[in-house]
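Chemist: Structure: run-v8.cif, mmCIF, C-alpha atoms.
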data_work
#
loop_
_atom_site.label_atom_id
_atom_site.label_comp_id
_atom_site.auth_asym_id
_atom_site.auth_seq_id
_atom_site.Cartn_x
_atom_site.Cartn_y
_atom_site.Cartn_z
CA MET A 25 13.73 2.19 4.98
CA PHE A 26 12.36 -1.36 4.80
CA ARG A 27 15.00 -3.44 6.55
CA LYS A 28 12.51 -6.10 7.71
CA ILE A 29 9.11 -6.96 6.23
CA LEU A 30 6.25 -9.29 7.08
CA LEU A 31 5.16 -11.07 3.90
CA CYS A 32 1.65 -12.50 4.23
CA SER A 33 0.84 -15.64 2.27
CA ASP A 34 -2.34 -17.64 1.77
CA LEU A 35 -0.38 -20.39 -0.09
CA SER A 36 -2.12 -19.65 -3.40
CA VAL A 37 -0.68 -18.82 -6.82
CA ALA A 38 -1.45 -15.23 -5.89
CA SER A 39 1.09 -15.57 -3.09
CA ASP A 40 3.58 -17.03 -5.58
CA ALA A 41 3.31 -13.79 -7.53
CA LEU A 42 3.58 -11.69 -4.38
CA VAL A 43 6.90 -13.30 -3.45
CA SER A 44 8.27 -12.20 -6.81
CA CYS A 45 7.87 -8.56 -5.70
CA VAL A 46 10.27 -8.81 -2.78
CA GLY A 47 13.43 -8.30 -4.82
CA ASP A 48 12.39 -4.75 -5.66
CA LEU A 49 12.64 -3.83 -1.99
CA GLN A 50 16.29 -4.75 -1.62
CA GLN A 51 17.49 -1.41 -2.94
CA LEU A 52 15.54 0.18 -0.08
CA GLY A 53 17.61 -1.74 2.44
CA LEU A 54 15.63 -4.97 2.79
CA GLU A 55 17.59 -7.59 4.71
CA GLU A 56 15.05 -9.85 6.39
CA VAL A 57 11.67 -11.35 5.48
CA ILE A 58 9.18 -12.95 7.86
CA LEU A 59 7.02 -15.36 5.87
CA LEU A 60 3.64 -15.53 7.57
CA HIS A 61 0.71 -17.84 7.03
CA VAL A 62 -2.12 -17.78 9.56
CA VAL A 63 -3.97 -21.04 10.16
CA TYR A 64 -7.59 -20.10 10.77
CA ALA A 65 -8.30 -23.15 12.87
CA ALA A 66 -11.85 -22.11 13.77
CA VAL A 67 -12.94 -23.12 10.27
CA VAL A 68 -11.42 -26.60 10.42
CA PRO A 69 -10.97 -27.59 14.09
CA GLY A 70 -8.77 -30.62 14.61
CA LEU A 71 -6.80 -30.15 11.39
CA GLU A 72 -4.26 -27.66 12.74
CA ASN A 73 -1.27 -29.99 12.39
CA ALA A 74 -2.19 -30.97 8.84
CA LEU A 75 -2.67 -27.35 7.84
CA ARG A 76 0.61 -26.34 9.41
CA ALA A 77 2.43 -29.14 7.59
CA GLU A 78 0.95 -28.00 4.28
CA ALA A 79 1.89 -24.40 5.00
CA THR A 80 5.43 -25.33 6.04
CA LYS A 81 6.01 -27.14 2.75
CA LYS A 82 4.93 -24.14 0.68
CA LEU A 83 6.64 -21.48 2.79
CA THR A 84 9.87 -23.45 2.69
CA GLN A 85 9.81 -23.12 -1.10
CA TYR A 86 9.36 -19.36 -0.72
CA LYS A 87 12.16 -19.27 1.86
CA GLU A 88 14.61 -20.95 -0.49
CA GLN A 89 13.60 -18.61 -3.30
CA LEU A 90 14.19 -15.52 -1.16
CA GLU A 91 17.41 -16.79 0.36
CA GLU A 92 18.82 -17.02 -3.15
CA LEU A 93 18.49 -13.22 -3.20
CA GLY A 94 20.72 -13.01 -0.15
CA LEU A 95 17.91 -12.32 2.32
CA ARG A 96 17.47 -13.70 5.81
CA VAL A 97 14.13 -15.49 6.03
CA GLN A 98 12.01 -16.81 8.89
CA ILE A 99 8.79 -18.82 8.70
CA ASP A 100 5.92 -18.21 11.11
CA ILE A 101 2.63 -20.16 11.08
CA PRO A 102 0.46 -19.02 13.99
CA LEU A 103 -3.11 -20.02 14.77
CA GLY A 104 -5.78 -17.35 14.99
CA MET A 105 -7.89 -14.77 13.24
CA PRO A 106 -5.85 -13.70 10.20
CA VAL A 107 -6.27 -9.92 10.52
CA TYR A 108 -5.33 -9.73 14.19
CA ALA A 109 -2.59 -12.34 13.87
CA ILE A 110 -0.97 -10.32 11.09
CA GLU A 111 -0.97 -7.16 13.19
CA GLU A 112 0.26 -9.02 16.28
CA GLU A 113 3.15 -10.65 14.44
CA ALA A 114 4.08 -7.39 12.71
CA SER A 115 4.37 -5.84 16.16
CA ASN A 116 6.23 -8.80 17.69
CA TYR A 117 8.84 -8.83 14.92
CA GLU A 118 9.00 -5.02 14.78
CA VAL A 119 8.81 -5.05 11.00
CA ASP A 120 9.12 -1.92 8.88
CA ALA A 121 6.26 -2.88 6.58
CA ILE A 122 3.59 -5.48 5.90
CA VAL A 123 3.42 -6.80 2.33
CA ILE A 124 0.09 -8.34 1.38
CA GLY A 125 -1.91 -9.13 -1.74
CA SER A 126 -5.35 -7.74 -2.51
CA ARG A 127 -6.54 -11.00 -4.02
CA GLY A 128 -6.01 -14.65 -3.26
CA GLU A 129 -7.53 -18.00 -2.53
CA SER A 130 -6.59 -19.84 0.65
CA LEU A 131 -7.01 -23.34 1.96
CA LEU A 132 -10.70 -24.26 1.99
CA ARG A 133 -11.30 -20.81 0.49
CA ALA A 134 -11.26 -19.31 3.98
CA ALA A 135 -9.43 -16.19 5.13
CA ALA A 136 -8.39 -15.24 1.60
CA LEU A 137 -5.93 -12.39 1.25
CA GLY A 138 -8.49 -10.45 -0.72
CA SER A 139 -10.85 -10.29 2.28
CA VAL A 140 -8.16 -9.78 4.92
CA SER A 141 -5.94 -7.15 3.33
CA PHE A 142 -8.46 -4.32 3.52
CA LYS A 143 -9.01 -4.91 7.23
CA VAL A 144 -5.25 -4.93 7.81
CA LEU A 145 -5.13 -1.38 6.43
CA GLN A 146 -7.40 -0.22 9.23
CA ILE A 147 -5.43 -1.59 12.17
CA ALA A 148 -1.79 -1.76 11.04
CA ARG A 149 0.76 0.25 12.99
CA CYS A 150 3.37 0.13 10.22
CA PRO A 151 3.21 0.89 6.48
CA VAL A 152 1.35 -1.62 4.34
CA LEU A 153 2.37 -2.43 0.77
CA LEU A 154 -0.74 -3.72 -0.95
CA VAL A 155 -0.18 -5.47 -4.26
CA ARG A 156 -3.13 -6.27 -6.48
CA VAL A 157 -2.46 -9.72 -7.88
CA LYS A 158 -4.18 -10.61 -11.11
CA LEU A 159 -5.01 -14.25 -11.74
CA LEU A 160 -4.84 -15.40 -15.33
CA GLY A 161 -7.81 -17.56 -16.23
CA SER A 162 -9.37 -19.41 -13.30
CA PRO A 163 -8.60 -18.61 -9.63
CA GLU A 164 -6.21 -21.55 -9.77
CA GLY A 165 -4.38 -20.06 -12.74
CA GLU A 166 -1.08 -18.25 -12.83
CA GLY A 167 -0.77 -15.11 -10.71
CA VAL A 168 0.69 -11.88 -12.04
CA ALA A 169 1.87 -9.14 -9.65
CA PRO A 170 2.74 -5.74 -11.20
CA CYS A 171 6.07 -5.34 -9.42
CA GLN A 172 8.54 -5.43 -12.26
CA ARG A 173 8.79 -1.63 -12.15
CA LEU A 174 7.65 -0.88 -8.62
CA PHE A 175 9.80 2.23 -8.16
CA THR A 176 9.57 3.82 -11.60
CA SER A 177 6.97 6.57 -11.13
CA LEU A 178 5.36 7.56 -7.81
CA LEU A 179 1.92 9.12 -7.32
CA VAL A 180 1.18 10.79 -3.97
CA PRO A 181 -2.45 11.84 -3.30
CA TYR A 182 -2.08 14.84 -0.99
CA ASP A 183 -4.66 16.51 1.23
CA PHE A 184 -2.35 18.65 3.40
CA SER A 185 -2.81 16.36 6.40
CA ALA A 186 0.10 15.20 8.55
CA LEU A 187 -0.39 11.68 7.21
CA SER A 188 -0.15 12.76 3.58
CA ALA A 189 3.02 14.66 4.51
CA LEU A 190 4.45 11.37 5.84
CA ALA A 191 3.45 9.67 2.58
CA LEU A 192 5.28 12.36 0.61
CA GLN A 193 8.34 11.87 2.81
CA LYS A 194 8.27 8.14 2.01
CA ALA A 195 8.09 8.99 -1.69
CA ARG A 196 11.00 11.38 -1.29
CA ASN A 197 13.11 8.68 0.42
CA ILE A 198 12.35 6.18 -2.35
CA ALA A 199 13.11 8.72 -5.07
CA MET A 200 16.45 9.54 -3.46
CA VAL A 201 17.43 5.91 -4.00
CA HIS A 202 15.82 5.18 -7.37
CA GLY A 203 15.71 8.61 -9.03
CA CYS A 204 12.07 8.09 -9.99
CA PRO A 205 9.70 11.04 -10.55
CA ILE A 206 7.16 12.05 -7.91
CA ARG A 207 3.73 13.40 -8.85
CA ILE A 208 1.80 15.14 -6.07
CA LEU A 209 -1.97 15.15 -6.60
CA HIS A 210 -4.44 17.36 -4.75
CA VAL A 211 -8.11 17.07 -5.65
CA ASN A 212 -10.71 19.71 -4.79
CA ASP A 213 -14.26 18.38 -4.81
CA ASN A 214 -16.15 21.52 -5.75
CA GLN A 215 -19.56 19.92 -5.32
CA ARG A 216 -18.64 19.37 -1.70
CA ARG A 217 -17.07 22.81 -1.28
CA LEU A 218 -20.06 24.64 -2.77
CA THR A 219 -22.02 23.61 0.30
CA TYR A 220 -19.78 25.81 2.43
CA LEU A 221 -17.96 28.29 0.18
CA SER A 222 -18.81 30.92 -2.37
CA ALA A 223 -17.22 30.79 -5.81
CA GLU A 224 -14.90 33.63 -4.80
CA ALA A 225 -13.84 31.84 -1.62
CA MET A 226 -13.09 28.66 -3.59
CA LYS A 227 -10.94 30.67 -5.98
CA GLU A 228 -8.97 32.05 -3.06
CA GLN A 229 -8.54 28.60 -1.55
CA ASP A 230 -7.31 27.22 -4.88
CA ALA A 231 -4.66 29.94 -5.04
CA PHE A 232 -3.57 29.14 -1.48
CA ASP A 233 -3.45 25.40 -2.23
CA GLU A 234 -1.42 25.96 -5.38
CA GLU A 235 1.08 28.07 -3.46
CA ARG A 236 1.55 25.29 -0.92
CA LEU A 237 1.87 22.60 -3.61
CA CYS A 238 4.43 24.71 -5.43
CA LYS A 239 6.52 24.94 -2.26
CA LEU A 240 6.36 21.17 -1.80
CA ARG A 241 7.49 20.59 -5.37
CA ASP A 242 10.26 23.18 -5.17
CA ALA A 243 11.64 21.62 -1.97
CA LEU A 244 11.93 18.25 -3.71
CA VAL A 245 13.45 19.76 -6.85
CA ALA A 246 16.01 21.58 -4.69
CA GLU A 247 17.20 18.14 -3.55
CA GLY A 248 17.74 17.10 -7.16
CA LEU A 249 14.51 15.12 -7.51
CA ASN A 250 12.09 15.06 -10.44
CA ALA A 251 8.86 16.35 -8.87
CA SER A 252 5.62 17.87 -10.15
CA TYR A 253 2.15 18.59 -8.82
CA GLU A 254 -1.41 18.66 -10.06
CA LEU A 255 -4.27 20.66 -8.56
CA VAL A 256 -7.51 19.40 -10.08
CA GLU A 257 -11.26 19.53 -9.56
CA GLY A 258 -13.31 16.37 -9.36
CA VAL A 259 -14.18 13.35 -7.23
CA VAL A 260 -11.14 12.30 -5.20
CA LEU A 261 -11.35 8.56 -5.89
CA GLN A 262 -11.98 9.02 -9.60
CA GLU A 263 -9.09 11.44 -10.02
CA ILE A 264 -6.65 9.16 -8.18
CA LEU A 265 -7.64 6.16 -10.29
CA LYS A 266 -7.50 8.22 -13.48
CA ARG A 267 -3.86 9.04 -12.77
CA SER A 268 -2.81 5.54 -11.72
CA ASP A 269 -2.60 3.96 -15.14
CA PRO A 270 0.19 1.34 -15.00
CA ARG A 271 1.78 2.94 -18.06
CA ASP A 272 2.38 6.15 -16.09
CA THR A 273 2.42 5.09 -12.44
CA SER A 274 4.25 2.21 -10.76
CA LEU A 275 3.27 2.90 -7.13
CA ILE A 276 0.72 4.99 -5.25
CA ILE A 277 1.86 6.21 -1.82
CA MET A 278 -0.88 7.56 0.43
CA GLY A 279 -2.28 7.62 3.95
CA ASN A 280 -4.93 5.17 5.03
CA GLN A 281 -6.67 8.15 6.62
CA GLY A 282 -6.77 11.84 5.84
CA LYS A 283 -8.61 15.09 6.12
CA GLY A 284 -10.46 17.02 3.48
CA PHE A 285 -12.39 20.24 3.43
CA LEU A 286 -13.58 21.17 6.95
CA ARG A 287 -11.57 18.19 8.34
CA GLU A 288 -13.72 15.58 6.61
CA ALA A 289 -11.92 12.28 6.13
CA VAL A 290 -11.74 12.46 2.35
CA LEU A 291 -8.66 10.33 1.71
CA GLY A 292 -9.59 8.01 4.53
CA SER A 293 -12.95 7.34 2.94
CA VAL A 294 -11.44 6.40 -0.42
CA ALA A 295 -8.37 4.45 0.76
CA ASN A 296 -10.12 1.10 0.63
CA GLU A 297 -11.56 1.81 -2.79
CA VAL A 298 -8.12 2.74 -4.12
CA ALA A 299 -6.91 -0.58 -2.72
CA ARG A 300 -9.74 -2.42 -4.45
CA GLN A 301 -9.61 -0.67 -7.80
CA ALA A 302 -6.09 0.59 -8.49
CA GLU A 303 -4.17 -1.60 -10.92
CA VAL A 304 -0.81 -0.66 -9.42
CA PRO A 305 0.54 -1.41 -5.93
CA VAL A 306 -0.31 0.98 -3.12
CA LEU A 307 1.95 1.78 -0.18
CA TYR A 308 -0.17 2.94 2.74
CA VAL A 309 1.30 5.05 5.50
CA THR A 310 -0.70 4.50 8.65
CA ALA A 311 -1.52 6.91 11.46
CA ARG A 312 0.37 4.75 13.97
CA SER A 313 3.46 4.07 11.86
#
Could you take the file, read its structure, and then write that structure out as structure tokens?
Modeler:
Amino acid sequence: MFRKILLCSDLSVASDALVSCVGDLQQLGLEEVILLHVVYAAVVPGLENALRAEATKKLTQYKEQLEELGLRVQIDIPLGMPVYAIEEEASNYEVDAIVIGSRGESLLRAAALGSVSFKVLQIARCPVLLVRVKLLGSPEGEGVAPCQRLFTSLLVPYDFSALSALALQKARNIAMVHGCPIRILHVNDNQRRLTYLSAEAMKEQDAFDEERLCKLRDALVAEGLNASYELVEGVVLQEILKRSDPRDTSLIIMGNQGKGFLREAVLGSVANEVARQAEVPVLYVTARS
């Protein structure tokens, strides 16, 4: 599933923590890691060689750490705008996923992972695993990435779009390997629906949605997987976050776009906020993956 990944580093302690997550991906077939650090030379013209030397030293440490796990590792340090360089290198290397942190501090505090990662979600052609790295104490303190139990319990926000179906398929593939439970979540925002539907029509739609969710669950159970669904009323973002407590959920798998009632981009509009606020990692399936 994830034979080759692009691991984005900003050389901070947050990146140290992110590297510690890679081992969890080996059971999904990970064989090769591309360690990427983008030198944003526009900020410090004339210092490209010095910045590359600094990056090489740090990435070599990561390379040795990952090679001890039996992985093949390459180092790449291009010049350019971080967001576009990440997408370009992901395409050049034909990686199966981009792994990036949602927080971080980079050299000269420029192009930090925290500011780049959300933009990567919008343009990536392959899945993006976004890990929220917590820094203990000051920004220079120790980084903690919640990856010790990455594939323990999967939450899939589902809006019946093709992209959410792909996200559910990813969850299914992971669960086939790890045996972890899958929870499918569909949220109906009744305040939004009341603008267009009567109470009776909403009741009929709920029954139709529940029938479809039941079929999705039953198909997974028929394959021997532990699957369940929830059909709830509320605000989509709030309901996703409410069900992503680290004690109950190890990974959210969702599309970076979606459709809601009357084809409104409900999941797409909350994807960035889930990335910003969720305490657990999020695996985004993109429209072009």
Chemist: Is there a way to get, as a ChimeraX atom specification, all residues within 6 Å of the point (-0.5, -0.2, 2.0) in file coordinates, counting all atoms listed in the file?
Modeler: /A:151-154,306-308
Chemist: As an exercise, work out the distance from CA of Thr176 in chain A to CA of Pro205 in chain A in Å and give it to one decimal place.
Modeler: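 Computing the Euclidean distance for CA of Thr176 in chain A and CA of Pro205 in chain A yields 7.3 Å.
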Chemist: Name the residues in contact with Val201 in chain A at a cut-off of 12 Å, using all atoms listed in the file, excluding same-chain residues fewer than 3 positions from it; report them as a list in words.
Modeler: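 That gives Met25, Asp48, Leu49, Gln50, Gln51, Leu52, Gly53, Phe175, Thr176, Lys194, Ala195, Arg196, Asn197, Ile198, Cys204, Pro205, Gly248 and Leu249 of chain A.
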Chemist: Considering all atoms listed in the file, can you say which of A:Arg300, A:Arg236, A:Lys227, A:Arg173 comes closest to Arg271 in chain A?
Modeler: A:Arg173
Chemist: Where's the centre, and what are the edge lengths in Å to one decimal, of a box along x, y and z enclosing all listed atoms of range 26-34 of chain A padded 5 Å per side, as JSON?
Modeler:
{"center_x": 6.3, "center_y": -9.5, "center_z": 4.7, "size_x": 27.3, "size_y": 26.3, "size_z": 15.9}
